[in-house]
$ cat final_7.txt   # compact mmCIF, C-alpha atoms and all ligand atoms
# COMPACT_ATOMS: atom_id res chain seq x y z
CA MET A 202 -10.85 5.98 -17.15
CA GLU A 203 -10.97 8.30 -14.18
CA TYR A 204 -7.82 8.10 -12.11
CA ILE A 205 -7.67 9.71 -8.68
CA ILE A 206 -3.93 9.11 -8.18
CA THR A 207 -1.34 9.19 -10.96
CA THR A 208 2.42 9.37 -10.68
CA GLU A 209 4.75 10.16 -13.52
CA GLN A 210 8.27 8.74 -13.47
CA LEU A 211 8.38 9.18 -9.73
CA THR A 212 11.95 8.65 -8.55
CA LYS A 213 13.74 8.75 -5.21
CA LYS A 214 17.49 8.48 -4.86
CA TYR A 215 19.38 8.23 -1.60
CA LYS A 216 22.95 9.22 -2.53
CA ASN A 217 23.82 6.67 -5.24
CA PHE A 218 21.05 4.26 -4.37
CA VAL A 219 17.81 4.41 -6.37
CA SER A 220 14.99 3.47 -4.01
CA VAL A 221 12.11 4.31 -6.40
CA ASN A 222 12.90 4.23 -10.10
CA ASN A 223 10.67 6.00 -12.67
CA VAL A 224 7.42 4.68 -11.24
CA SER A 225 4.21 5.64 -13.05
CA ILE A 226 1.11 4.29 -11.34
CA HIS A 227 -2.58 4.83 -12.06
CA ILE A 228 -5.21 4.36 -9.37
CA ARG A 229 -8.87 4.34 -10.36
CA LYS A 230 -11.33 6.39 -8.35
CA GLY A 231 -13.28 4.19 -5.93
CA SER A 232 -10.95 1.21 -6.33
CA ILE A 233 -8.70 -0.72 -3.97
CA TYR A 234 -5.16 -0.71 -5.36
CA GLY A 235 -2.78 -3.33 -4.00
CA PHE A 236 0.81 -2.12 -4.00
CA LEU A 237 2.90 -5.24 -3.90
CA GLY A 238 6.59 -5.94 -3.59
CA PRO A 239 9.20 -7.74 -1.50
CA ASN A 240 10.76 -5.96 1.47
CA GLY A 241 12.98 -3.13 0.26
CA ALA A 242 11.16 -2.78 -3.08
CA GLY A 243 10.37 0.89 -2.42
CA LYS A 244 6.69 0.72 -1.40
CA SER A 245 7.00 2.83 1.75
CA THR A 246 9.23 5.36 -0.01
CA THR A 247 6.64 5.76 -2.78
CA MET A 248 3.82 6.20 -0.27
CA LYS A 249 5.86 8.69 1.76
CA MET A 250 6.36 10.79 -1.38
CA LEU A 251 2.59 10.80 -2.01
CA LEU A 252 2.12 11.99 1.56
CA GLY A 253 4.71 14.73 1.23
CA LEU A 254 6.89 13.07 3.88
CA THR A 255 9.88 12.83 1.58
CA ALA A 256 10.59 14.81 -1.59
CA PRO A 257 10.87 13.08 -4.99
CA THR A 258 14.27 13.34 -6.68
CA LYS A 259 12.49 13.37 -10.01
CA GLY A 260 9.00 12.99 -11.43
CA SER A 261 5.61 14.28 -10.37
CA PHE A 262 2.23 13.15 -9.18
CA ALA A 263 -1.38 14.28 -9.10
CA ILE A 264 -4.03 13.39 -6.56
CA ASP A 265 -7.67 14.16 -7.25
CA GLY A 266 -6.76 16.77 -9.87
CA ARG A 267 -4.23 18.49 -7.62
CA HIS A 268 -0.56 18.57 -8.45
CA PHE A 269 2.47 18.15 -6.28
CA PRO A 270 4.25 20.30 -5.14
CA GLU A 271 2.02 23.34 -5.79
CA ASP A 272 -1.08 21.87 -4.09
CA ARG A 273 0.74 20.02 -1.33
CA LEU A 274 -1.51 21.10 1.54
CA ALA A 275 -4.74 20.56 -0.40
CA ILE A 276 -3.50 17.05 -1.27
CA LEU A 277 -2.76 16.24 2.37
CA ARG A 278 -6.30 17.20 3.41
CA GLU A 279 -7.66 14.54 1.05
CA ILE A 280 -5.61 11.64 2.44
CA GLY A 281 -5.87 9.52 5.53
CA SER A 282 -2.77 7.46 6.10
CA PHE A 283 -1.35 4.57 8.03
CA ILE A 284 2.42 4.36 7.66
CA GLU A 285 4.26 1.44 9.23
CA SER A 286 3.27 0.69 12.83
CA PRO A 287 1.47 3.71 14.27
CA SER A 288 2.27 4.55 17.88
CA PHE A 289 -0.12 5.74 20.55
CA TYR A 290 -0.16 7.15 24.05
CA VAL A 291 -0.63 3.84 25.83
CA ASN A 292 -1.90 5.44 29.02
CA LEU A 293 -4.72 7.18 27.18
CA THR A 294 -7.84 5.50 25.88
CA GLY A 295 -8.43 4.78 22.22
CA ARG A 296 -10.92 7.63 22.09
CA GLU A 297 -8.49 10.09 23.73
CA ASN A 298 -5.75 9.12 21.29
CA LEU A 299 -8.05 9.78 18.34
CA ASP A 300 -9.23 13.04 19.86
CA ILE A 301 -5.65 14.36 19.86
CA ILE A 302 -5.33 13.66 16.14
CA ARG A 303 -8.80 15.08 15.51
CA ARG A 304 -7.90 18.36 17.18
CA ILE A 305 -4.65 18.66 15.23
CA LEU A 306 -6.60 18.12 12.02
CA GLY A 307 -9.31 20.59 13.09
CA LEU A 308 -12.13 18.08 12.55
CA PRO A 309 -15.54 18.09 14.28
CA LYS A 310 -15.86 16.25 17.61
CA ASP A 311 -18.16 13.54 16.30
CA SER A 312 -15.54 12.35 13.78
CA VAL A 313 -13.89 10.33 16.59
CA ASP A 314 -16.96 8.21 17.27
CA ASP A 315 -17.56 7.89 13.55
CA ALA A 316 -14.02 6.53 13.01
CA LEU A 317 -14.32 4.15 16.00
CA ARG A 318 -17.58 2.82 14.54
CA LEU A 319 -16.05 2.38 11.08
CA VAL A 320 -13.35 0.10 12.49
CA GLY A 321 -15.64 -1.69 14.95
CA LEU A 322 -13.98 -0.32 18.08
CA ASN A 323 -16.92 1.75 19.34
CA GLU A 324 -17.39 -0.49 22.37
CA PHE A 325 -13.70 -0.26 23.27
CA GLY A 326 -13.19 3.48 22.86
CA ASN A 327 -12.85 4.02 26.61
CA ARG A 328 -10.31 1.26 27.13
CA LEU A 329 -6.64 2.24 27.64
CA ALA A 330 -4.59 1.72 24.48
CA LYS A 331 -2.13 -0.44 26.45
CA LYS A 332 -4.92 -2.94 27.01
CA TYR A 333 -5.61 -3.26 23.29
CA SER A 334 -4.55 -6.41 21.44
CA LEU A 335 -2.22 -5.97 18.47
CA GLY A 336 -5.19 -6.30 16.10
CA MET A 337 -7.08 -3.62 18.03
CA LYS A 338 -4.04 -1.33 17.88
CA GLN A 339 -3.90 -1.75 14.11
CA ARG A 340 -7.62 -0.95 13.98
CA LEU A 341 -7.05 2.14 16.10
CA GLY A 342 -4.35 3.15 13.61
CA LEU A 343 -6.87 2.70 10.82
CA ALA A 344 -9.40 4.75 12.78
CA GLY A 345 -6.82 7.54 12.87
CA ALA A 346 -6.55 7.35 9.08
CA LEU A 347 -10.35 7.40 8.79
CA LEU A 348 -10.95 10.53 10.88
CA GLY A 349 -13.08 12.89 8.82
CA ARG A 350 -13.70 10.17 6.20
CA PRO A 351 -10.96 11.23 3.76
CA PRO A 352 -11.64 10.35 0.09
CA ILE A 353 -8.23 8.67 -0.20
CA LEU A 354 -6.61 6.18 2.15
CA ILE A 355 -2.94 5.23 1.95
CA LEU A 356 -2.29 2.17 4.08
CA ASP A 357 1.26 0.86 4.36
CA GLU A 358 1.27 -2.83 5.34
CA PRO A 359 -1.58 -2.54 7.85
CA THR A 360 -1.48 -6.30 8.51
CA ASN A 361 2.22 -6.30 9.43
CA GLY A 362 2.94 -8.38 12.51
CA LEU A 363 -0.59 -9.72 12.86
CA ASP A 364 -1.51 -13.39 13.25
CA PRO A 365 -3.72 -15.02 10.58
CA SER A 366 -6.96 -14.09 12.33
CA GLY A 367 -5.77 -10.51 12.79
CA ILE A 368 -4.84 -10.36 9.10
CA HIS A 369 -8.28 -11.69 8.20
CA GLU A 370 -9.95 -9.08 10.39
CA ILE A 371 -8.03 -6.12 8.91
CA ARG A 372 -8.52 -7.46 5.39
CA ASN A 373 -12.30 -7.63 5.87
CA LEU A 374 -12.34 -4.19 7.39
CA VAL A 375 -10.37 -2.64 4.50
CA LYS A 376 -12.57 -4.45 1.98
CA SER A 377 -15.71 -3.07 3.63
CA LEU A 378 -14.59 0.57 3.64
CA PRO A 379 -15.53 1.55 0.05
CA LYS A 380 -19.02 0.23 0.83
CA LEU A 381 -19.27 2.29 4.01
CA TYR A 382 -18.30 5.57 2.34
CA ASP A 383 -16.97 6.86 -0.96
CA CYS A 384 -13.20 6.27 -0.84
CA THR A 385 -10.20 5.03 -2.82
CA ILE A 386 -7.63 2.86 -1.10
CA MET A 387 -3.97 2.26 -1.84
CA ILE A 388 -2.71 -0.61 0.32
CA SER A 389 0.76 -2.15 0.33
CA SER A 390 1.87 -5.65 1.17
CA HIS A 391 4.79 -7.99 0.56
CA MET A 392 2.36 -10.90 0.14
CA LEU A 393 -0.02 -11.16 -2.78
CA SER A 394 -2.21 -13.59 -0.85
CA GLU A 395 -2.91 -10.81 1.64
CA ILE A 396 -4.39 -8.45 -0.91
CA GLU A 397 -5.58 -10.64 -3.76
CA LEU A 398 -8.96 -11.05 -2.12
CA LEU A 399 -9.56 -7.35 -1.77
CA ALA A 400 -7.65 -5.47 -4.48
CA ASP A 401 -9.30 -4.46 -7.76
CA ASP A 402 -5.95 -3.64 -9.35
CA ILE A 403 -2.38 -4.27 -8.35
CA GLY A 404 1.00 -2.75 -9.02
CA ILE A 405 4.10 -4.90 -8.52
CA LEU A 406 7.30 -3.17 -7.46
CA ASN A 407 10.78 -4.76 -7.38
CA HIS A 408 14.05 -2.94 -6.77
CA GLY A 409 12.19 0.36 -7.16
CA ARG A 410 10.75 -0.45 -10.57
CA LEU A 411 7.13 -1.17 -11.48
CA LEU A 412 7.08 -4.66 -13.05
CA PHE A 413 3.36 -4.86 -13.61
CA GLU A 414 0.18 -2.87 -13.26
CA GLY A 415 -3.32 -4.15 -13.93
CA SER A 416 -6.09 -6.40 -12.65
CA LEU A 417 -5.48 -9.82 -11.10
CA ASP A 418 -6.87 -11.47 -14.26
CA GLU A 419 -4.43 -9.47 -16.36
CA LEU A 420 -1.62 -10.62 -14.06
CA ARG A 421 -2.66 -14.25 -14.61
CA ASP A 422 -2.78 -13.79 -18.40
CA ASN A 423 0.48 -11.90 -18.44
CA ALA A 424 2.27 -14.59 -16.44
CA GLN A 425 0.92 -17.32 -18.70
CA LYS A 426 2.21 -15.49 -21.79
CA MET A 427 5.60 -14.93 -20.23
CA GLY A 428 5.68 -18.60 -19.28
CA ASN A 429 5.01 -19.65 -22.88
CA ALA A 430 7.58 -17.21 -24.27
CA ASN A 431 10.16 -18.62 -21.89
CA GLN A 432 9.56 -22.28 -22.70
CA MET A 433 12.51 -22.31 -25.13
CA SER A 434 14.83 -20.14 -23.11
CA ASP A 435 17.35 -21.01 -20.46
CA ILE A 436 15.39 -19.18 -17.84
CA ASN A 437 13.14 -21.89 -16.54
CA ILE A 438 11.52 -20.21 -13.61
CA PHE A 439 8.31 -19.64 -15.50
CA ASN A 440 8.27 -23.21 -16.74
CA VAL A 441 8.42 -24.42 -13.19
CA ALA A 442 5.57 -22.11 -12.30
CA ASN A 443 3.69 -23.32 -15.39
CA LYS A 444 4.00 -26.90 -14.20
CA ILE A 445 2.39 -25.92 -10.94
CA GLY A 446 -0.21 -24.37 -13.19
CA PHE A 447 -0.23 -21.06 -11.36
CA ALA A 448 -2.83 -22.53 -9.04
CA ASN A 449 -1.69 -19.92 -6.60
CA LEU A 450 -1.34 -16.31 -7.74
CA GLU A 451 1.33 -15.83 -5.09
CA ASP A 452 3.56 -18.02 -7.31
CA VAL A 453 3.00 -15.68 -10.23
CA PHE A 454 4.08 -12.72 -8.15
CA LEU A 455 7.13 -14.46 -6.67
CA THR A 456 8.13 -15.83 -10.07
CA MET A 457 7.91 -12.39 -11.65
CA VAL A 458 10.12 -10.96 -8.93
CA ASP A 459 12.60 -13.88 -9.25
CA GLN A 460 12.82 -13.44 -12.99
CA ASP A 461 13.38 -9.70 -12.62
CA ASN A 462 16.15 -10.41 -10.11
CA VAL A 463 17.80 -12.81 -12.58
CA ALA A 464 17.58 -10.12 -15.30
CA ILE A 465 19.09 -7.51 -12.99
CA LYS A 466 21.99 -9.88 -12.17
CA GLN A 467 22.54 -10.63 -15.88
CA ARG A 468 22.66 -6.92 -16.67
CA ALA A 469 25.18 -6.43 -13.89
CA VAL A 470 27.45 -9.13 -15.37
CA LEU A 471 27.33 -7.65 -18.90
N1 LIG A 501 16.09 7.31 4.48
C1 LIG A 501 16.70 6.38 3.73
N2 LIG A 501 18.01 6.46 3.43
C2 LIG A 501 18.63 5.53 2.67
N3 LIG A 501 18.00 4.47 2.12
C3 LIG A 501 16.69 4.33 2.36
C4 LIG A 501 15.97 5.26 3.17
N4 LIG A 501 14.66 4.86 3.22
C5 LIG A 501 14.59 3.72 2.50
N5 LIG A 501 15.80 3.40 1.98
C6 LIG A 501 16.11 2.24 1.14
O1 LIG A 501 15.23 2.26 0.03
C7 LIG A 501 14.82 0.93 -0.29
C8 LIG A 501 13.32 0.86 -0.31
O2 LIG A 501 12.84 0.97 1.03
P1 LIG A 501 11.29 0.98 1.37
O3 LIG A 501 10.62 2.01 0.58
O4 LIG A 501 11.18 1.05 2.85
O5 LIG A 501 10.86 -0.48 0.83
P2 LIG A 501 9.55 -1.34 1.19
O6 LIG A 501 8.58 -0.47 1.89
O7 LIG A 501 9.06 -1.84 -0.13
O8 LIG A 501 10.04 -2.47 2.05
C9 LIG A 501 15.47 0.01 0.73
O9 LIG A 501 16.62 -0.57 0.16
C10 LIG A 501 15.83 0.94 1.86
O10 LIG A 501 16.95 0.47 2.55
MG MG A 502 7.69 -0.67 3.75
$ encode --input "final_7.txt" --output "structure tokens" --more "lines below"
Ligand SMILES: Nc1ncnc2c1ncn2[C@@H]1O[C@H](COP(=O)(O)OP(=O)(O)O)[C@@H](O)[C@H]1O
Ligand SMILES: [Mg+2]
Amino acid sequence: MEYIITTEQLTKKYKNFVSVNNVSIHIRKGSIYGFLGPNGAGKSTTMKMLLGLTAPTKGSFAIDGRHFPEDRLAILREIGSFIESPSFYVNLTGRENLDIIRRILGLPKDSVDDALRLVGLNEFGNRLAKKYSLGMKQRLGLAGALLGRPPILILDEPTNGLDPSGIHEIRNLVKSLPKLYDCTIMISSHMLSEIELLADDIGILNHGRLLFEGSLDELRDNAQKMGNANQMSDINIFNVANKIGFANLEDVFLTMVDQDNVAIKQRAVL
């Protein structure tokens, strides 16, 4: 298997609080990797470490054969990113905003129009950013990440704050990207339903720890097995989910997180 991003026991501590705890993830080249977890799970912190925005307390990672920290700058040149809600100069047009980023990155002039086309904003490039809808602003943020067509995209909750049609629009756009050019995408969300239709593989994070990594089918199988194993135990969360029949994968995800939370509480009592 050819992985383009691997982390090894990546850990981030803030004073006594462990935000990311020994996380080892594996992202296949050309895939869409859904990075899933409730708010506060440590998704943004993990992504910020991959982008060199915050230093790991422990552990290491490699991106496209380059190792952090030695190859930090080379790694950054490979990644386009969208972290939390991007901000823009609202009194400049979409095209002018992108041109500022383009110049900082030292990319050719035509990369702006290319990025606008990739996100379907080419007809709105000359409109002031303040006149963009929220969905258009998110698309402009994505266009910023796409400048120069980087081989790796790290997108932190790009559907945050959007209404269902906006979510649908961004989801379709992200899904289309690997078909438009050769790229690998890591995308985070706190809702499985938001990424189950587009991710090839998923990693589930809770309280900084990776609970699961694999395909959606593997997640289904895994949950079923855990449900069976738990039938005789006092922890009935999985039985409840079994009764529902896991019709909805979101239940599997939420149940896994609930069970992990119960286990964490039990450990704390012991
Ligand atoms: N700069 C920081 N200082 C202290 N704690 C932080 C800092 N950044 C994040 N955290 C904590 O780390 C945990 C994980 O945060 P984050 O990575 O933003 O989670 P997510 O993106 O999954 O919602 C949270 O409990 C958050 O409060
Ligand atoms: Mg976050």
$ residues_around --input "final_7.txt" --residues "Leu343 (chain A)" --least-positions-apart "5" --cutoff "10 Å" --atoms "only C-alpha atoms" --output "ChimeraX atom specification"
/A:281-284,287,316-317,319-320,337-338,348,354,356,359,371,374-375
$ residues_near_ligand --input "final_7.txt" --ligand "ligand MG 502 (chain A)" --cutoff "12 Å" --atoms "all atoms listed in the file" --output "PyMOL selection string"
chain A and resi 220+236-249+283-286+356-361+388-391+406+409
$ atom_distance --input "final_7.txt" --atom1 "atom O3 of ligand LIG 501 (chain A)" --atom2 "CA of His408 (chain A)"
9.5 Å
$ closest_residue --input "final_7.txt" --among "A:Ile206, A:Ile405, A:Leu277, A:Leu347" --to "ligand LIG 501 (chain A)" --atoms "only C-alpha atoms and all ligand atoms"
A:Ile405
$ atom_distance --input "final_7.txt" --atom1 "CA of Gln460 (chain A)" --atom2 "atom C2 of ligand LIG 501 (chain A)"
25.3 Å
$ atom_distance --input "final_7.txt" --atom1 "CA of Met457 (chain A)" --atom2 "CA of Gly362 (chain A)"
25.0 Å
$ residues_around --input "final_7.txt" --residues "Glu203 (chain A)" --least-positions-apart "4" --cutoff "10 Å" --atoms "only C-alpha atoms" --output "list in words"
His227, Ile228, Arg229, Lys230, Gly231 and Asp265 of chain A
$ residues_around --input "final_7.txt" --residues "Ile305 (chain A)" --least-positions-apart "5" --cutoff "12 Å" --atoms "only C-alpha atoms" --output "list of chain:residue names"
A:Asn298, A:Leu299, A:Asp300, A:Lys310, A:Gly345, A:Leu348
$ closest_residue --input "final_7.txt" --among "A:Leu398, A:Val291, A:Leu363, A:Ile205" --to "Gly336 (chain A)" --atoms "all atoms listed in the file"
A:Leu363
$ closest_residue --input "final_7.txt" --among "A:Leu411, A:Ser288, A:Thr212, A:Leu341" --to "Asp461 (chain A)" --atoms "only C-alpha atoms"
A:Leu411
$ closest_residue --input "final_7.txt" --among "A:Val224, A:Leu308, A:Ile264, A:Ile368" --to "Leu412 (chain A)" --atoms "all atoms listed in the file"
A:Val224
$ closest_residue --input "final_7.txt" --among "A:Ser394, A:Ser312, A:Ser377, A:Ser366" --to "Ala346 (chain A)" --atoms "only C-alpha atoms"
A:Ser312
$ closest_residue --input "final_7.txt" --among "A:Asn407, A:Gln339, A:Ser334, A:Thr385" --to "ligand LIG 501 (chain A)" --atoms "only C-alpha atoms and all ligand atoms"
A:Asn407
$ axis_aligned_box --input "final_7.txt" --around "region 224-238 of chain A" --padding-each-side "8 Å" --output "lines of an AutoDock Vina configuration file"
center_x = -2.9
center_y = 0.2
center_z = -8.3
size_x = 36.7
size_y = 28.3
size_z = 25.5
$ residues_around --input "final_7.txt" --residues "Asp402 (chain A)" --least-positions-apart "6" --cutoff "8 Å" --atoms "all atoms listed in the file" --output "VMD selection string"
chain A and resid 232 to 235 414 to 417
$ decode --input "final_7.txt" --residues "region 232-327 of chain A" --atoms "C-alpha atoms" --output "PDB file, in the first residue's frame"
ATOM      1  CA  SER A 232      -7.735   8.788  -1.668  1.00  0.00           C
ATOM      2  CA  ILE A 233     -10.169  10.945   0.272  1.00  0.00           C
ATOM      3  CA  TYR A 234      -9.589  10.399   3.994  1.00  0.00           C
ATOM      4  CA  GLY A 235     -12.381  11.452   6.339  1.00  0.00           C
ATOM      5  CA  PHE A 236     -11.063  12.558   9.715  1.00  0.00           C
ATOM      6  CA  LEU A 237     -13.976  12.232  12.058  1.00  0.00           C
ATOM      7  CA  GLY A 238     -14.569  13.115  15.679  1.00  0.00           C
ATOM      8  CA  PRO A 239     -16.790  15.132  18.008  1.00  0.00           C
ATOM      9  CA  ASN A 240     -15.886  18.740  18.780  1.00  0.00           C
ATOM     10  CA  GLY A 241     -12.729  18.863  20.880  1.00  0.00           C
ATOM     11  CA  ALA A 242     -11.496  15.442  19.705  1.00  0.00           C
ATOM     12  CA  GLY A 243      -8.225  16.916  18.425  1.00  0.00           C
ATOM     13  CA  LYS A 244      -8.850  17.036  14.656  1.00  0.00           C
ATOM     14  CA  SER A 245      -7.741  20.634  14.134  1.00  0.00           C
ATOM     15  CA  THR A 246      -4.709  20.169  16.375  1.00  0.00           C
ATOM     16  CA  THR A 247      -3.631  17.128  14.337  1.00  0.00           C
ATOM     17  CA  MET A 248      -4.079  18.997  11.064  1.00  0.00           C
ATOM     18  CA  LYS A 249      -2.196  22.026  12.400  1.00  0.00           C
ATOM     19  CA  MET A 250       0.746  19.772  13.272  1.00  0.00           C
ATOM     20  CA  LEU A 251       0.772  18.380   9.716  1.00  0.00           C
ATOM     21  CA  LEU A 252       0.840  21.959   8.440  1.00  0.00           C
ATOM     22  CA  GLY A 253       3.671  22.962  10.748  1.00  0.00           C
ATOM     23  CA  LEU A 254       1.409  25.452  12.539  1.00  0.00           C
ATOM     24  CA  THR A 255       1.990  23.868  15.927  1.00  0.00           C
ATOM     25  CA  ALA A 256       4.837  21.601  17.017  1.00  0.00           C
ATOM     26  CA  PRO A 257       4.199  17.999  18.125  1.00  0.00           C
ATOM     27  CA  THR A 258       5.091  17.211  21.740  1.00  0.00           C
ATOM     28  CA  LYS A 259       6.016  13.712  20.634  1.00  0.00           C
ATOM     29  CA  GLY A 260       5.910  11.538  17.536  1.00  0.00           C
ATOM     30  CA  SER A 261       6.683  12.163  13.894  1.00  0.00           C
ATOM     31  CA  PHE A 262       5.101  12.241  10.489  1.00  0.00           C
ATOM     32  CA  ALA A 263       5.994  11.864   6.829  1.00  0.00           C
ATOM     33  CA  ILE A 264       4.281  13.429   3.851  1.00  0.00           C
ATOM     34  CA  ASP A 265       5.055  12.213   0.345  1.00  0.00           C
ATOM     35  CA  GLY A 266       8.350  10.683   1.460  1.00  0.00           C
ATOM     36  CA  ARG A 267       9.454  13.802   3.322  1.00  0.00           C
ATOM     37  CA  HIS A 268       9.940  13.834   7.056  1.00  0.00           C
ATOM     38  CA  PHE A 269       9.033  16.398   9.644  1.00  0.00           C
ATOM     39  CA  PRO A 270      10.832  18.443  10.934  1.00  0.00           C
ATOM     40  CA  GLU A 271      13.828  18.201   8.559  1.00  0.00           C
ATOM     41  CA  ASP A 272      11.788  18.721   5.367  1.00  0.00           C
ATOM     42  CA  ARG A 273       9.296  21.181   6.811  1.00  0.00           C
ATOM     43  CA  LEU A 274       9.381  23.690   3.945  1.00  0.00           C
ATOM     44  CA  ALA A 275       9.285  21.036   1.228  1.00  0.00           C
ATOM     45  CA  ILE A 276       6.244  19.510   2.965  1.00  0.00           C
ATOM     46  CA  LEU A 277       4.444  22.857   3.077  1.00  0.00           C
ATOM     47  CA  ARG A 278       4.896  23.341  -0.671  1.00  0.00           C
ATOM     48  CA  GLU A 279       2.978  20.102  -1.266  1.00  0.00           C
ATOM     49  CA  ILE A 280      -0.102  21.032   0.765  1.00  0.00           C
ATOM     50  CA  GLY A 281      -3.041  23.282   0.144  1.00  0.00           C
ATOM     51  CA  SER A 282      -5.039  23.910   3.283  1.00  0.00           C
ATOM     52  CA  PHE A 283      -8.302  25.220   4.596  1.00  0.00           C
ATOM     53  CA  ILE A 284      -8.224  25.620   8.371  1.00  0.00           C
ATOM     54  CA  GLU A 285     -11.385  26.669  10.178  1.00  0.00           C
ATOM     55  CA  SER A 286     -13.202  29.627   8.593  1.00  0.00           C
ATOM     56  CA  PRO A 287     -10.827  31.430   6.243  1.00  0.00           C
ATOM     57  CA  SER A 288     -11.038  35.215   6.244  1.00  0.00           C
ATOM     58  CA  PHE A 289     -10.792  37.531   3.280  1.00  0.00           C
ATOM     59  CA  TYR A 290     -10.477  41.196   2.429  1.00  0.00           C
ATOM     60  CA  VAL A 291     -14.178  41.846   1.970  1.00  0.00           C
ATOM     61  CA  ASN A 292     -13.643  45.008  -0.044  1.00  0.00           C
ATOM     62  CA  LEU A 293     -11.575  43.163  -2.626  1.00  0.00           C
ATOM     63  CA  THR A 294     -12.934  40.815  -5.253  1.00  0.00           C
ATOM     64  CA  GLY A 295     -12.583  37.060  -5.049  1.00  0.00           C
ATOM     65  CA  ARG A 296      -9.935  37.197  -7.757  1.00  0.00           C
ATOM     66  CA  GLU A 297      -7.956  39.935  -5.956  1.00  0.00           C
ATOM     67  CA  ASN A 298      -8.037  37.963  -2.714  1.00  0.00           C
ATOM     68  CA  LEU A 299      -6.651  34.889  -4.455  1.00  0.00           C
ATOM     69  CA  ASP A 300      -4.040  36.968  -6.247  1.00  0.00           C
ATOM     70  CA  ILE A 301      -2.609  38.101  -2.893  1.00  0.00           C
ATOM     71  CA  ILE A 302      -2.172  34.487  -1.788  1.00  0.00           C
ATOM     72  CA  ARG A 303      -0.792  33.545  -5.208  1.00  0.00           C
ATOM     73  CA  ARG A 304       1.894  36.216  -4.987  1.00  0.00           C
ATOM     74  CA  ILE A 305       2.893  35.167  -1.481  1.00  0.00           C
ATOM     75  CA  LEU A 306       3.239  31.593  -2.708  1.00  0.00           C
ATOM     76  CA  GLY A 307       5.154  32.706  -5.821  1.00  0.00           C
ATOM     77  CA  LEU A 308       2.796  30.898  -8.199  1.00  0.00           C
ATOM     78  CA  PRO A 309       2.139  31.791 -11.861  1.00  0.00           C
ATOM     79  CA  LYS A 310      -0.614  34.335 -12.618  1.00  0.00           C
ATOM     80  CA  ASP A 311      -2.923  31.864 -14.331  1.00  0.00           C
ATOM     81  CA  SER A 312      -3.197  29.732 -11.169  1.00  0.00           C
ATOM     82  CA  VAL A 313      -5.871  32.161  -9.877  1.00  0.00           C
ATOM     83  CA  ASP A 314      -8.241  31.550 -12.781  1.00  0.00           C
ATOM     84  CA  ASP A 315      -7.478  27.849 -12.630  1.00  0.00           C
ATOM     85  CA  ALA A 316      -8.459  27.727  -8.930  1.00  0.00           C
ATOM     86  CA  LEU A 317     -11.621  29.802  -9.543  1.00  0.00           C
ATOM     87  CA  ARG A 318     -12.613  27.370 -12.300  1.00  0.00           C
ATOM     88  CA  LEU A 319     -11.952  24.326 -10.102  1.00  0.00           C
ATOM     89  CA  VAL A 320     -14.419  25.596  -7.491  1.00  0.00           C
ATOM     90  CA  GLY A 321     -16.954  26.908 -10.014  1.00  0.00           C
ATOM     91  CA  LEU A 322     -16.489  30.585  -9.134  1.00  0.00           C
ATOM     92  CA  ASN A 323     -15.016  31.707 -12.463  1.00  0.00           C
ATOM     93  CA  GLU A 324     -18.065  33.824 -13.270  1.00  0.00           C
ATOM     94  CA  PHE A 325     -17.934  35.515  -9.862  1.00  0.00           C
ATOM     95  CA  GLY A 326     -14.218  36.280  -9.674  1.00  0.00           C
ATOM     96  CA  ASN A 327     -14.791  40.016 -10.122  1.00  0.00           C
TER      97      ASN A 327
END
